[in-house]
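Trainee: Please find coords22.cif (mmCIF, C-alpha atoms) on the next line:
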```cif
data_my_file
loop_
_atom_site.group_PDB
_atom_site.id
_atom_site.type_symbol
_atom_site.label_atom_id
_atom_site.label_comp_id
_atom_site.auth_asym_id
_atom_site.auth_seq_id
_atom_site.Cartn_x
_atom_site.Cartn_y
_atom_site.Cartn_z
ATOM 1 C CA MET A 1 92.779 88.163 40.093
ATOM 2 C CA LEU A 2 96.361 88.715 39.170
ATOM 3 C CA VAL A 3 98.646 89.815 41.925
ATOM 4 C CA TYR A 4 101.824 91.341 40.648
ATOM 5 C CA ARG A 5 104.948 90.316 42.378
ATOM 6 C CA SER A 6 106.847 92.934 44.273
ATOM 7 C CA GLN A 7 110.059 91.843 42.560
ATOM 8 C CA PRO A 8 110.115 91.497 38.784
ATOM 9 C CA TYR A 9 111.129 87.879 38.755
ATOM 10 C CA SER A 10 111.626 85.082 41.180
ATOM 11 C CA LEU A 11 115.153 84.998 39.938
ATOM 12 C CA LEU A 12 116.981 82.336 41.785
ATOM 13 C CA GLU A 13 116.263 78.857 42.988
ATOM 14 C CA PRO A 14 116.674 78.578 46.793
ATOM 15 C CA ARG A 15 119.993 76.745 46.486
ATOM 16 C CA THR A 16 121.431 79.271 44.059
ATOM 17 C CA ALA A 17 120.025 82.138 46.076
ATOM 18 C CA ALA A 18 121.841 80.806 49.131
ATOM 19 C CA LEU A 19 125.105 80.823 47.218
ATOM 20 C CA TYR A 20 124.556 84.461 46.371
ATOM 21 C CA SER A 21 123.155 85.374 49.749
ATOM 22 C CA GLU A 22 125.801 87.910 50.679
ATOM 23 C CA GLY A 23 125.199 89.590 47.366
ATOM 24 C CA ASN A 24 128.795 90.605 46.740
ATOM 25 C CA VAL A 25 130.876 90.079 43.666
ATOM 26 C CA LEU A 26 133.483 87.902 45.318
ATOM 27 C CA ASN A 27 130.895 85.591 46.787
ATOM 28 C CA ARG A 28 129.141 85.240 43.486
ATOM 29 C CA SER A 29 132.214 84.740 41.382
ATOM 30 C CA THR A 30 133.678 82.164 43.715
ATOM 31 C CA ALA A 31 130.420 80.293 44.107
ATOM 32 C CA LEU A 32 129.562 79.869 40.448
ATOM 33 C CA PRO A 33 132.264 81.432 38.312
ATOM 34 C CA ARG A 34 131.281 79.716 35.089
ATOM 35 C CA LEU A 35 127.695 80.884 35.386
ATOM 36 C CA ALA A 36 128.780 84.436 36.012
ATOM 37 C CA TRP A 37 131.115 84.391 33.035
ATOM 38 C CA ALA A 38 128.511 82.752 30.864
ATOM 39 C CA GLY A 39 126.110 85.559 31.588
ATOM 40 C CA ILE A 40 128.661 88.204 30.777
ATOM 41 C CA ALA A 41 129.935 86.511 27.659
ATOM 42 C CA LEU A 42 126.526 85.643 26.287
ATOM 43 C CA ALA A 43 124.766 88.893 26.784
ATOM 44 C CA GLY A 44 127.726 90.661 25.259
ATOM 45 C CA THR A 45 127.440 93.353 27.841
ATOM 46 C CA LEU A 46 128.036 93.812 31.519
ATOM 47 C CA LEU A 47 124.788 92.837 33.133
ATOM 48 C CA PRO A 48 124.029 93.767 36.711
ATOM 49 C CA ILE A 49 126.404 91.850 38.912
ATOM 50 C CA SER A 50 124.033 92.070 41.857
ATOM 51 C CA GLY A 51 121.814 89.370 40.355
ATOM 52 C CA HIS A 52 118.815 91.665 40.477
ATOM 53 C CA ALA A 53 116.588 92.239 37.499
ATOM 54 C CA ASP A 54 116.015 95.948 37.104
ATOM 55 C CA ASP A 55 113.374 97.567 34.924
ATOM 56 C CA GLN A 56 115.589 97.648 31.849
ATOM 57 C CA ASP A 57 116.308 93.930 32.231
ATOM 58 C CA VAL A 58 112.578 93.249 32.318
ATOM 59 C CA ARG A 59 112.024 95.302 29.164
ATOM 60 C CA ASP A 60 115.004 93.664 27.433
ATOM 61 C CA TYR A 61 113.809 90.200 28.329
ATOM 62 C CA ARG A 62 110.292 90.643 26.984
ATOM 63 C CA SER A 63 111.660 92.372 23.884
ATOM 64 C CA HIS A 64 113.891 89.352 23.142
ATOM 65 C CA VAL A 65 110.953 86.996 23.658
ATOM 66 C CA MET A 66 108.635 88.970 21.396
ATOM 67 C CA LYS A 67 111.291 89.431 18.724
ATOM 68 C CA THR A 68 111.962 85.697 18.727
ATOM 69 C CA LEU A 69 108.247 85.148 18.126
ATOM 70 C CA GLY A 70 108.400 87.632 15.256
ATOM 71 C CA GLU A 71 111.410 85.963 13.634
ATOM 72 C CA GLN A 72 109.923 82.493 13.952
ATOM 73 C CA PHE A 73 106.555 83.591 12.622
ATOM 74 C CA ALA A 74 108.283 85.241 9.671
ATOM 75 C CA ALA A 75 110.240 82.046 8.946
ATOM 76 C CA LEU A 76 107.004 80.025 9.036
ATOM 77 C CA ASN A 77 105.357 82.500 6.676
ATOM 78 C CA GLN A 78 108.260 82.123 4.259
ATOM 79 C CA ILE A 79 107.954 78.355 4.432
ATOM 80 C CA SER A 80 104.217 78.455 3.844
ATOM 81 C CA LYS A 81 104.828 80.509 0.694
ATOM 82 C CA GLY A 82 107.447 78.097 -0.597
ATOM 83 C CA LYS A 83 110.267 80.576 0.034
ATOM 84 C CA ALA A 84 112.154 78.596 2.691
ATOM 85 C CA PRO A 85 112.858 74.902 3.344
ATOM 86 C CA ALA A 86 109.658 72.979 4.043
ATOM 87 C CA ALA A 87 111.671 70.425 6.005
ATOM 88 C CA ASP A 88 112.178 72.998 8.790
ATOM 89 C CA VAL A 89 108.512 73.711 9.380
ATOM 90 C CA ALA A 90 108.109 71.528 12.483
ATOM 91 C CA THR A 91 111.234 72.994 14.070
ATOM 92 C CA HIS A 92 110.066 76.586 13.703
ATOM 93 C CA ALA A 93 106.562 75.719 14.853
ATOM 94 C CA GLU A 94 108.027 74.064 17.947
ATOM 95 C CA VAL A 95 110.221 77.086 18.720
ATOM 96 C CA LEU A 96 107.201 79.345 18.260
ATOM 97 C CA SER A 97 105.149 77.192 20.604
ATOM 98 C CA ILE A 98 107.803 77.079 23.349
ATOM 99 C CA THR A 99 108.486 80.801 23.089
ATOM 100 C CA ALA A 100 104.779 81.640 23.196
ATOM 101 C CA GLY A 101 104.645 79.616 26.400
ATOM 102 C CA VAL A 102 107.099 81.925 28.164
ATOM 103 C CA ALA A 103 105.643 85.204 26.922
ATOM 104 C CA LYS A 104 103.248 85.726 29.807
ATOM 105 C CA VAL A 105 106.045 85.478 32.363
ATOM 106 C CA ALA A 106 107.858 88.172 30.401
ATOM 107 C CA PHE A 107 104.928 90.569 30.783
ATOM 108 C CA THR A 108 103.937 89.677 34.339
ATOM 109 C CA PRO A 109 106.144 92.303 35.999
ATOM 110 C CA LYS A 110 104.381 95.622 35.599
ATOM 111 C CA VAL A 111 107.247 97.502 34.038
ATOM 112 C CA LEU A 112 106.184 100.059 31.488
ATOM 113 C CA GLY A 113 108.271 100.986 28.498
ATOM 114 C CA GLY A 114 109.712 99.485 25.377
ATOM 115 C CA GLU A 115 107.000 98.806 22.823
ATOM 116 C CA ALA A 116 104.402 97.783 25.373
ATOM 117 C CA LYS A 117 101.552 100.219 25.927
ATOM 118 C CA PRO A 118 100.321 100.813 29.496
ATOM 119 C CA GLU A 119 97.091 99.101 28.383
ATOM 120 C CA VAL A 120 98.909 95.763 28.770
ATOM 121 C CA TRP A 121 98.594 96.138 32.528
ATOM 122 C CA ASP A 122 95.485 98.345 32.594
ATOM 123 C CA LYS A 123 93.578 95.596 30.781
ATOM 124 C CA TRP A 124 95.558 92.647 32.054
ATOM 125 C CA ASP A 125 92.620 90.221 31.972
ATOM 126 C CA ASP A 126 92.081 90.807 28.262
ATOM 127 C CA PHE A 127 95.799 90.868 27.422
ATOM 128 C CA SER A 128 96.445 87.732 29.390
ATOM 129 C CA LYS A 129 93.478 85.958 27.774
ATOM 130 C CA ARG A 130 94.822 86.843 24.339
ATOM 131 C CA LEU A 131 98.257 85.510 25.283
ATOM 132 C CA ASP A 132 96.650 82.259 26.425
ATOM 133 C CA GLU A 133 94.847 82.019 23.096
ATOM 134 C CA MET A 134 98.126 82.599 21.272
ATOM 135 C CA VAL A 135 99.773 79.818 23.287
ATOM 136 C CA ALA A 136 96.910 77.430 22.458
ATOM 137 C CA ALA A 137 97.101 78.333 18.760
ATOM 138 C CA ALA A 138 100.896 77.934 18.729
ATOM 139 C CA ASN A 139 100.664 74.538 20.435
ATOM 140 C CA ASP A 140 98.082 73.420 17.894
ATOM 141 C CA LEU A 141 100.290 74.689 15.071
ATOM 142 C CA ALA A 142 103.282 72.744 16.407
ATOM 143 C CA LYS A 143 101.221 69.535 16.569
ATOM 144 C CA SER A 144 99.928 70.063 13.040
ATOM 145 C CA ALA A 145 103.423 70.758 11.731
ATOM 146 C CA LYS A 146 104.702 67.475 13.161
ATOM 147 C CA SER A 147 101.895 65.401 11.712
ATOM 148 C CA GLY A 148 100.978 67.230 8.523
ATOM 149 C CA GLY A 149 103.901 69.439 7.528
ATOM 150 C CA VAL A 150 103.505 72.653 5.555
ATOM 151 C CA ALA A 151 100.076 71.739 4.178
ATOM 152 C CA ALA A 152 98.703 71.484 7.698
ATOM 153 C CA VAL A 153 100.441 74.605 8.962
ATOM 154 C CA THR A 154 99.588 77.094 6.224
ATOM 155 C CA PRO A 155 95.834 77.369 6.904
ATOM 156 C CA LYS A 156 96.486 77.741 10.622
ATOM 157 C CA LEU A 157 98.978 80.586 10.466
ATOM 158 C CA SER A 158 96.174 83.126 10.348
ATOM 159 C CA SER A 159 94.921 81.890 13.722
ATOM 160 C CA LEU A 160 98.103 83.361 15.194
ATOM 161 C CA SER A 161 96.894 86.854 14.529
ATOM 162 C CA CYS A 162 99.682 88.970 16.025
ATOM 163 C CA LYS A 163 98.181 92.121 14.558
ATOM 164 C CA GLY A 164 94.969 92.033 16.580
ATOM 165 C CA CYS A 165 96.929 92.203 19.806
ATOM 166 C CA HIS A 166 99.631 94.551 18.518
ATOM 167 C CA ASP A 167 97.007 97.071 17.369
ATOM 168 C CA VAL A 168 95.809 97.434 20.935
ATOM 169 C CA TYR A 169 98.848 96.756 23.086
ATOM 170 C CA ARG A 170 101.962 97.646 21.111
ATOM 171 C CA VAL A 171 103.272 101.133 20.465
ATOM 172 C CA GLN A 172 103.029 101.706 16.733
ATOM 173 C CA LYS A 173 106.334 101.970 14.953
ATOM 174 C CA LYS A 174 106.883 105.336 13.295
ATOM 175 C CA MET B 175 99.633 66.072 -29.624
ATOM 176 C CA LYS B 176 100.272 69.739 -30.367
ATOM 177 C CA ARG B 177 97.056 70.680 -28.603
ATOM 178 C CA VAL B 178 98.093 68.694 -25.519
ATOM 179 C CA SER B 179 101.499 70.370 -25.477
ATOM 180 C CA LYS B 180 99.899 73.775 -25.790
ATOM 181 C CA ALA B 181 97.505 72.959 -22.957
ATOM 182 C CA VAL B 182 100.374 71.849 -20.716
ATOM 183 C CA ALA B 183 102.399 74.952 -21.545
ATOM 184 C CA LEU B 184 99.405 77.172 -20.853
ATOM 185 C CA SER B 185 98.708 75.428 -17.538
ATOM 186 C CA LEU B 186 102.309 75.886 -16.477
ATOM 187 C CA MET B 187 102.210 79.564 -17.356
ATOM 188 C CA VAL B 188 99.131 79.989 -15.199
ATOM 189 C CA LEU B 189 100.183 77.787 -12.315
ATOM 190 C CA LEU B 190 103.885 78.552 -11.950
ATOM 191 C CA PRO B 191 103.516 82.026 -10.507
ATOM 192 C CA MET B 192 101.311 80.528 -7.783
ATOM 193 C CA VAL B 193 104.018 78.132 -6.673
ATOM 194 C CA GLY B 194 106.479 79.612 -4.189
ATOM 195 C CA HIS B 195 109.713 80.697 -5.748
ATOM 196 C CA THR B 196 112.797 81.265 -3.652
ATOM 197 C CA ASP B 197 114.975 84.135 -4.745
ATOM 198 C CA ASP B 198 118.225 85.387 -3.204
ATOM 199 C CA LYS B 199 116.471 87.795 -0.874
ATOM 200 C CA ASP B 200 114.332 84.962 0.511
ATOM 201 C CA VAL B 201 117.470 82.977 1.267
ATOM 202 C CA VAL B 202 119.087 85.899 3.088
ATOM 203 C CA ASP B 203 115.860 86.736 4.933
ATOM 204 C CA TYR B 204 115.408 83.163 6.081
ATOM 205 C CA ARG B 205 118.895 82.769 7.489
ATOM 206 C CA GLN B 206 118.562 86.169 9.178
ATOM 207 C CA HIS B 207 115.359 85.068 10.892
ATOM 208 C CA ILE B 208 117.267 82.081 12.222
ATOM 209 C CA MET B 209 120.383 83.964 13.285
ATOM 210 C CA LYS B 210 118.393 86.765 14.933
ATOM 211 C CA SER B 211 116.332 84.208 16.840
ATOM 212 C CA LEU B 212 119.569 82.642 18.045
ATOM 213 C CA GLU B 213 120.837 86.041 19.099
ATOM 214 C CA HIS B 214 117.687 86.817 21.087
ATOM 215 C CA GLN B 215 117.644 83.401 22.710
ATOM 216 C CA THR B 216 121.317 83.622 23.609
ATOM 217 C CA ALA B 217 120.771 87.054 25.118
ATOM 218 C CA VAL B 218 117.887 85.880 27.317
ATOM 219 C CA LEU B 219 119.887 82.904 28.492
ATOM 220 C CA GLY B 220 122.682 85.320 29.373
ATOM 221 C CA GLN B 221 120.191 87.465 31.275
ATOM 222 C CA ILE B 222 118.853 84.494 33.197
ATOM 223 C CA LEU B 223 122.295 83.188 34.111
ATOM 224 C CA SER B 224 123.222 86.651 35.330
ATOM 225 C CA GLY B 225 120.139 86.795 37.523
ATOM 226 C CA ALA B 226 118.472 89.353 35.283
ATOM 227 C CA GLY B 227 115.774 87.135 33.789
ATOM 228 C CA PRO B 228 113.191 84.621 34.988
ATOM 229 C CA ALA B 229 114.941 81.412 36.021
ATOM 230 C CA GLU B 230 111.815 79.328 35.449
ATOM 231 C CA ASN B 231 112.225 79.856 31.692
ATOM 232 C CA THR B 232 115.812 78.567 31.482
ATOM 233 C CA LEU B 233 114.995 75.191 29.986
ATOM 234 C CA ALA B 234 112.545 76.690 27.492
ATOM 235 C CA HIS B 235 115.253 78.952 26.116
ATOM 236 C CA MET B 236 117.801 76.131 26.024
ATOM 237 C CA GLU B 237 115.317 74.091 23.993
ATOM 238 C CA THR B 238 114.602 76.879 21.523
ATOM 239 C CA LEU B 239 118.312 77.535 21.095
ATOM 240 C CA ALA B 240 118.985 73.886 20.355
ATOM 241 C CA LEU B 241 116.062 73.605 17.940
ATOM 242 C CA THR B 242 117.017 76.750 16.065
ATOM 243 C CA ALA B 243 120.678 75.737 15.956
ATOM 244 C CA SER B 244 119.613 72.448 14.364
ATOM 245 C CA VAL B 245 118.391 74.252 11.221
ATOM 246 C CA ALA B 246 120.994 77.022 11.108
ATOM 247 C CA LEU B 247 123.606 75.332 8.914
ATOM 248 C CA LYS B 248 121.036 74.411 6.290
ATOM 249 C CA SER B 249 120.075 78.067 5.940
ATOM 250 C CA PHE B 250 123.627 78.809 4.764
ATOM 251 C CA GLU B 251 123.879 75.952 2.283
ATOM 252 C CA ALA B 252 122.634 78.062 -0.597
ATOM 253 C CA LYS B 253 125.628 80.109 -1.632
ATOM 254 C CA VAL B 254 123.980 83.487 -1.525
ATOM 255 C CA PRO B 255 126.260 86.219 -0.195
ATOM 256 C CA GLY B 256 124.534 89.106 1.523
ATOM 257 C CA GLY B 257 123.234 90.230 4.843
ATOM 258 C CA ALA B 258 125.926 90.061 7.486
ATOM 259 C CA ALA B 259 127.478 86.847 6.166
ATOM 260 C CA LYS B 260 131.027 87.283 4.881
ATOM 261 C CA PRO B 261 132.029 85.508 1.648
ATOM 262 C CA GLU B 262 134.368 83.425 3.857
ATOM 263 C CA VAL B 263 131.307 81.389 4.885
ATOM 264 C CA TRP B 264 131.369 79.676 1.495
ATOM 265 C CA LYS B 265 135.070 80.081 0.808
ATOM 266 C CA ASP B 266 135.924 78.187 3.999
ATOM 267 C CA TRP B 267 132.799 76.039 3.973
ATOM 268 C CA ALA B 268 134.492 73.013 5.543
ATOM 269 C CA ASP B 269 135.505 75.020 8.612
ATOM 270 C CA PHE B 270 132.244 76.965 8.805
ATOM 271 C CA SER B 271 130.056 73.890 8.545
ATOM 272 C CA LYS B 272 132.198 72.043 11.094
ATOM 273 C CA ARG B 273 131.711 74.900 13.569
ATOM 274 C CA MET B 274 127.981 75.064 12.924
ATOM 275 C CA LYS B 275 127.602 71.307 13.381
ATOM 276 C CA GLU B 276 129.488 71.489 16.674
ATOM 277 C CA PHE B 277 127.275 74.356 17.755
ATOM 278 C CA ALA B 278 124.136 72.349 16.916
ATOM 279 C CA ASP B 279 125.460 69.215 18.643
ATOM 280 C CA LYS B 280 126.594 71.002 21.788
ATOM 281 C CA SER B 281 123.463 73.081 22.180
ATOM 282 C CA ALA B 282 121.397 69.907 21.730
ATOM 283 C CA GLU B 283 123.486 68.267 24.456
ATOM 284 C CA MET B 284 122.935 71.285 26.729
ATOM 285 C CA ALA B 285 119.151 71.062 26.269
ATOM 286 C CA LYS B 286 119.228 67.291 26.838
ATOM 287 C CA VAL B 287 121.145 67.697 30.078
ATOM 288 C CA GLY B 288 118.685 70.418 31.073
ATOM 289 C CA ARG B 289 115.751 68.056 30.504
ATOM 290 C CA GLU B 290 117.317 65.038 32.149
ATOM 291 C CA GLN B 291 119.536 66.439 34.904
ATOM 292 C CA GLY B 292 118.209 69.927 35.474
ATOM 293 C CA VAL B 293 119.188 73.384 34.347
ATOM 294 C CA ASP B 294 121.909 73.852 36.969
ATOM 295 C CA GLN B 295 123.878 71.053 35.300
ATOM 296 C CA ALA B 296 123.039 72.324 31.824
ATOM 297 C CA ALA B 297 124.205 75.824 32.734
ATOM 298 C CA MET B 298 127.722 74.417 33.118
ATOM 299 C CA LEU B 299 127.653 73.588 29.403
ATOM 300 C CA VAL B 300 126.552 76.994 28.202
ATOM 301 C CA ILE B 301 129.954 78.443 27.351
ATOM 302 C CA GLU B 302 130.915 75.399 25.314
ATOM 303 C CA ALA B 303 127.506 75.184 23.671
ATOM 304 C CA LEU B 304 127.433 78.771 22.478
ATOM 305 C CA PRO B 305 130.749 79.788 20.935
ATOM 306 C CA CYS B 306 129.021 82.580 18.993
ATOM 307 C CA LYS B 307 131.820 85.128 19.097
ATOM 308 C CA GLY B 308 134.506 82.810 17.763
ATOM 309 C CA CYS B 309 132.470 82.220 14.633
ATOM 310 C CA HIS B 310 131.187 85.778 14.267
ATOM 311 C CA ASP B 311 134.746 87.156 14.414
ATOM 312 C CA VAL B 312 135.579 85.214 11.281
ATOM 313 C CA TYR B 313 132.340 84.887 9.360
ATOM 314 C CA ARG B 314 130.115 87.833 10.247
ATOM 315 C CA ASP B 315 130.482 91.361 8.934
ATOM 316 C CA GLU B 316 129.764 93.507 11.977
ATOM 317 C CA LYS B 317 129.358 96.602 9.806
ATOM 318 C CA LYS B 318 126.369 95.069 8.055
ATOM 319 C CA LEU B 319 124.382 94.290 11.166
#
```
Take the structure in the file and give it back as structure tokens.

Mentor:
Amino acid sequence: MLVYRSQPYSLLEPRTAALYSEGNVLNRSTALPRLAWAGIALAGTLLPISGHADDQDVRDYRSHVMKTLGEQFAALNQISKGKAPAADVATHAEVLSITAGVAKVAFTPKVLGGEAKPEVWDKWDDFSKRLDEMVAAANDLAKSAKSGGVAAVTPKLSSLSCKGCHDVYRVQKK
Amino acid sequence: MKRVSKAVALSLMVLLPMVGHTDDKDVVDYRQHIMKSLEHQTAVLGQILSGAGPAENTLAHMETLALTASVALKSFEAKVPGGAAKPEVWKDWADFSKRMKEFADKSAEMAKVGREQGVDQAAMLVIEALPCKGCHDVYRDEKKL
């Protein structure tokens, strides 16, 4: 049985957590200034300086993960139709596979909102099983792409049936 | 001979539409899929490094960034203006491609360090590996995003 964590993420490794232990800006910026600046510069916005993932962070994170899956799947579809460079097929399949592998962590914190329906957590066993199946299919796709290229990937794209899961667990776009 | 030629021509007419054909929109769509993936992956790495994302996924996102960066330049090789790409991409191709190659090389190095020495070490390379803004300021039309 899944036990949700009380905090959204186990955010920091013990060593890093110790550096931030006092939880104040000065301590953080003097301990790891480049990391702090990297976070600010990369996200393009001022993220919480406290080092604590709030609900919006959790929603943002899973949205970025799912959108990456969408972009990569779309690129693979283009390639399979001869509308994008076939030489890139293994790269996109690998990105899809790695990203699929982190998706469950993104949904583990029970934080409602974004495009996720409450059913994600109400029916966690089913949702989680479907995610596992997606990961297995994405891993298989990545292997096929490496060994067989586009010809091997095309027939397997349908096994990554995003729609089946989205119909049940994603808020429909208006 | 005429009959053979006719047969070949007829076959081509039937078969050609079934073969994928890349038009300008496909080119723009493809590079947008790549650039948007990079944007999402950069954002999550930023979240993680700020303590607002799951640290256990750091290496995964470094890997996907590096992999996606490795195909990014190729997606701009076709000179098809559109999307958020400014015409300067192709006008100043030598500079643009140099920047994109550096981006691919440095993000690959970041992922390698992450694999071999751990993500704490790799995190020190993040700023150098992802000089997104410098390039976007010159080559991306913010109004078309």

Trainee: May I ask which of the residues B:Arg289, B:Lys280, B:Lys307, B:Lys265 is the closest one to chain A, counting all atoms listed in the file?

Mentor: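 Closest candidate: B:Lys307.
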
Trainee: Pull out every residue that the PyMOL selection byres ((chain B and resi 242) around 12) matches in the shown coordinates and put them as number ranges by chain.

Mentor: A: 68, 71-72, 75, 88-96, 98-99; B: 204-216, 235-241, 243-249, 274, 277-279, 281-282, 285

Trainee: Apply the PyMOL selection byres ((chain B) within 7 of (chain A)) to the structure shown and report the selected residues as a PyMOL selection string.

Mentor: chain B and resi 193-196+200+204+207+211+214+216-218+220-221+223-229+231+234+238+241+245+297-298+300-301

Trainee: Pick out the closest residue to Ala252 (chain B) from this set: B:Lys286, B:Tyr313, B:Glu302, B:Trp264. Count all atoms listed in the file.

Mentor: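 With all atoms listed in the file as the atom set, the closest residue is B:Trp264.
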
Trainee: Quick one: distance from CA of Leu141 (chain A) to CA of Pro155 (chain A) in Å, one decimal?

Mentor: 9.7 Å

Trainee: Which one of B:Gln291, B:Ala296, B:Lys260, B:Cys309 sits closest to Lys272 (chain B) if you count only C-alpha atoms?

Mentor: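 Under the stated criterion, the closest residue is B:Cys309.
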
Trainee: Measure the distance from CA of Glu290 (chain B) to CA of Ala137 (chain A) in Å and round it to one decimal.

Mentor: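 Interatomic distance here is 27.7 Å.
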
Trainee: As a VMD selection string, please: the residues near Lys253 (chain B) (cut-off 10 Å, all atoms listed in the file, same-chain neighbours under 6 positions excluded).

Mentor: chain B and resid 198 201 to 202 261 263 to 265 267

Trainee: Please measure the separation of CA of Val111 (chain A) and CA of Leu131 (chain A), giving the value in Å to one decimal.

Mentor: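 So the answer is 17.4 Å.
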
Trainee: If the PyMOL selection byres ((chain A and resi 159-173) around 7) is run on the structure shown, which residues does it catch, given as a ChimeraX atom specification?

Mentor: /A:115-117,119-120,134,137,156-158,174

Trainee: Let me see the file: selected residues, C-alpha atoms, as an mmCIF file, in the frame of the given file.

Mentor:
```
data_model
loop_
_atom_site.group_PDB
_atom_site.id
_atom_site.type_symbol
_atom_site.label_atom_id
_atom_site.label_comp_id
_atom_site.auth_asym_id
_atom_site.auth_seq_id
_atom_site.Cartn_x
_atom_site.Cartn_y
_atom_site.Cartn_z
ATOM 1 C CA GLU A 115 107.000 98.806 22.823
ATOM 2 C CA ALA A 116 104.402 97.783 25.373
ATOM 3 C CA LYS A 117 101.552 100.219 25.927
ATOM 4 C CA GLU A 119 97.091 99.101 28.383
ATOM 5 C CA VAL A 120 98.909 95.763 28.770
ATOM 6 C CA MET A 134 98.126 82.599 21.272
ATOM 7 C CA ALA A 137 97.101 78.333 18.760
ATOM 8 C CA LYS A 156 96.486 77.741 10.622
ATOM 9 C CA LEU A 157 98.978 80.586 10.466
ATOM 10 C CA SER A 158 96.174 83.126 10.348
ATOM 11 C CA LYS A 174 106.883 105.336 13.295
#
```

Trainee: Mind rebuilding region 256-274 of chain B with N, CA and C atoms and writing that out as a compact mmCIF listing (two decimals), keeping the file's coordinate frame?

Mentor:
```txt
# COMPACT_ATOMS: atom_id res chain seq x y z
N GLY B 256 125.45 88.02 1.18
CA GLY B 256 124.53 89.11 1.52
C GLY B 256 124.22 89.09 3.00
N GLY B 257 123.49 90.09 3.43
CA GLY B 257 123.23 90.23 4.84
C GLY B 257 124.55 90.46 5.56
N ALA B 258 124.69 89.86 6.73
CA ALA B 258 125.93 90.06 7.49
C ALA B 258 126.92 88.92 7.28
N ALA B 259 126.58 87.99 6.40
CA ALA B 259 127.48 86.85 6.17
C ALA B 259 128.63 87.26 5.25
N LYS B 260 129.85 87.00 5.72
CA LYS B 260 131.03 87.28 4.88
C LYS B 260 131.17 86.20 3.81
N PRO B 261 131.81 86.52 2.69
CA PRO B 261 132.03 85.51 1.65
C PRO B 261 132.82 84.30 2.17
N GLU B 262 133.57 84.52 3.27
CA GLU B 262 134.37 83.42 3.86
C GLU B 262 133.49 82.24 4.27
N VAL B 263 132.22 82.49 4.52
CA VAL B 263 131.31 81.39 4.88
C VAL B 263 131.40 80.28 3.84
N TRP B 264 131.38 80.67 2.57
CA TRP B 264 131.37 79.68 1.50
C TRP B 264 132.79 79.35 1.02
N LYS B 265 133.68 80.32 1.20
CA LYS B 265 135.07 80.08 0.81
C LYS B 265 135.70 79.03 1.72
N ASP B 266 135.39 79.14 3.01
CA ASP B 266 135.92 78.19 4.00
C ASP B 266 134.80 77.30 4.53
N TRP B 267 134.01 76.78 3.60
CA TRP B 267 132.80 76.04 3.97
C TRP B 267 133.09 74.88 4.92
N ALA B 268 134.19 74.18 4.69
CA ALA B 268 134.49 73.01 5.54
C ALA B 268 134.62 73.44 7.00
N ASP B 269 135.33 74.53 7.23
CA ASP B 269 135.50 75.02 8.61
C ASP B 269 134.18 75.56 9.16
N PHE B 270 133.50 76.36 8.34
CA PHE B 270 132.24 76.96 8.80
C PHE B 270 131.23 75.88 9.16
N SER B 271 131.08 74.92 8.29
CA SER B 271 130.06 73.89 8.54
C SER B 271 130.44 73.02 9.74
N LYS B 272 131.75 72.80 9.92
CA LYS B 272 132.20 72.04 11.09
C LYS B 272 131.82 72.79 12.38
N ARG B 273 132.05 74.10 12.38
CA ARG B 273 131.71 74.90 13.57
C ARG B 273 130.20 74.90 13.83
N MET B 274 129.44 75.02 12.75
CA MET B 274 127.98 75.06 12.92
C MET B 274 127.44 73.72 13.41
```
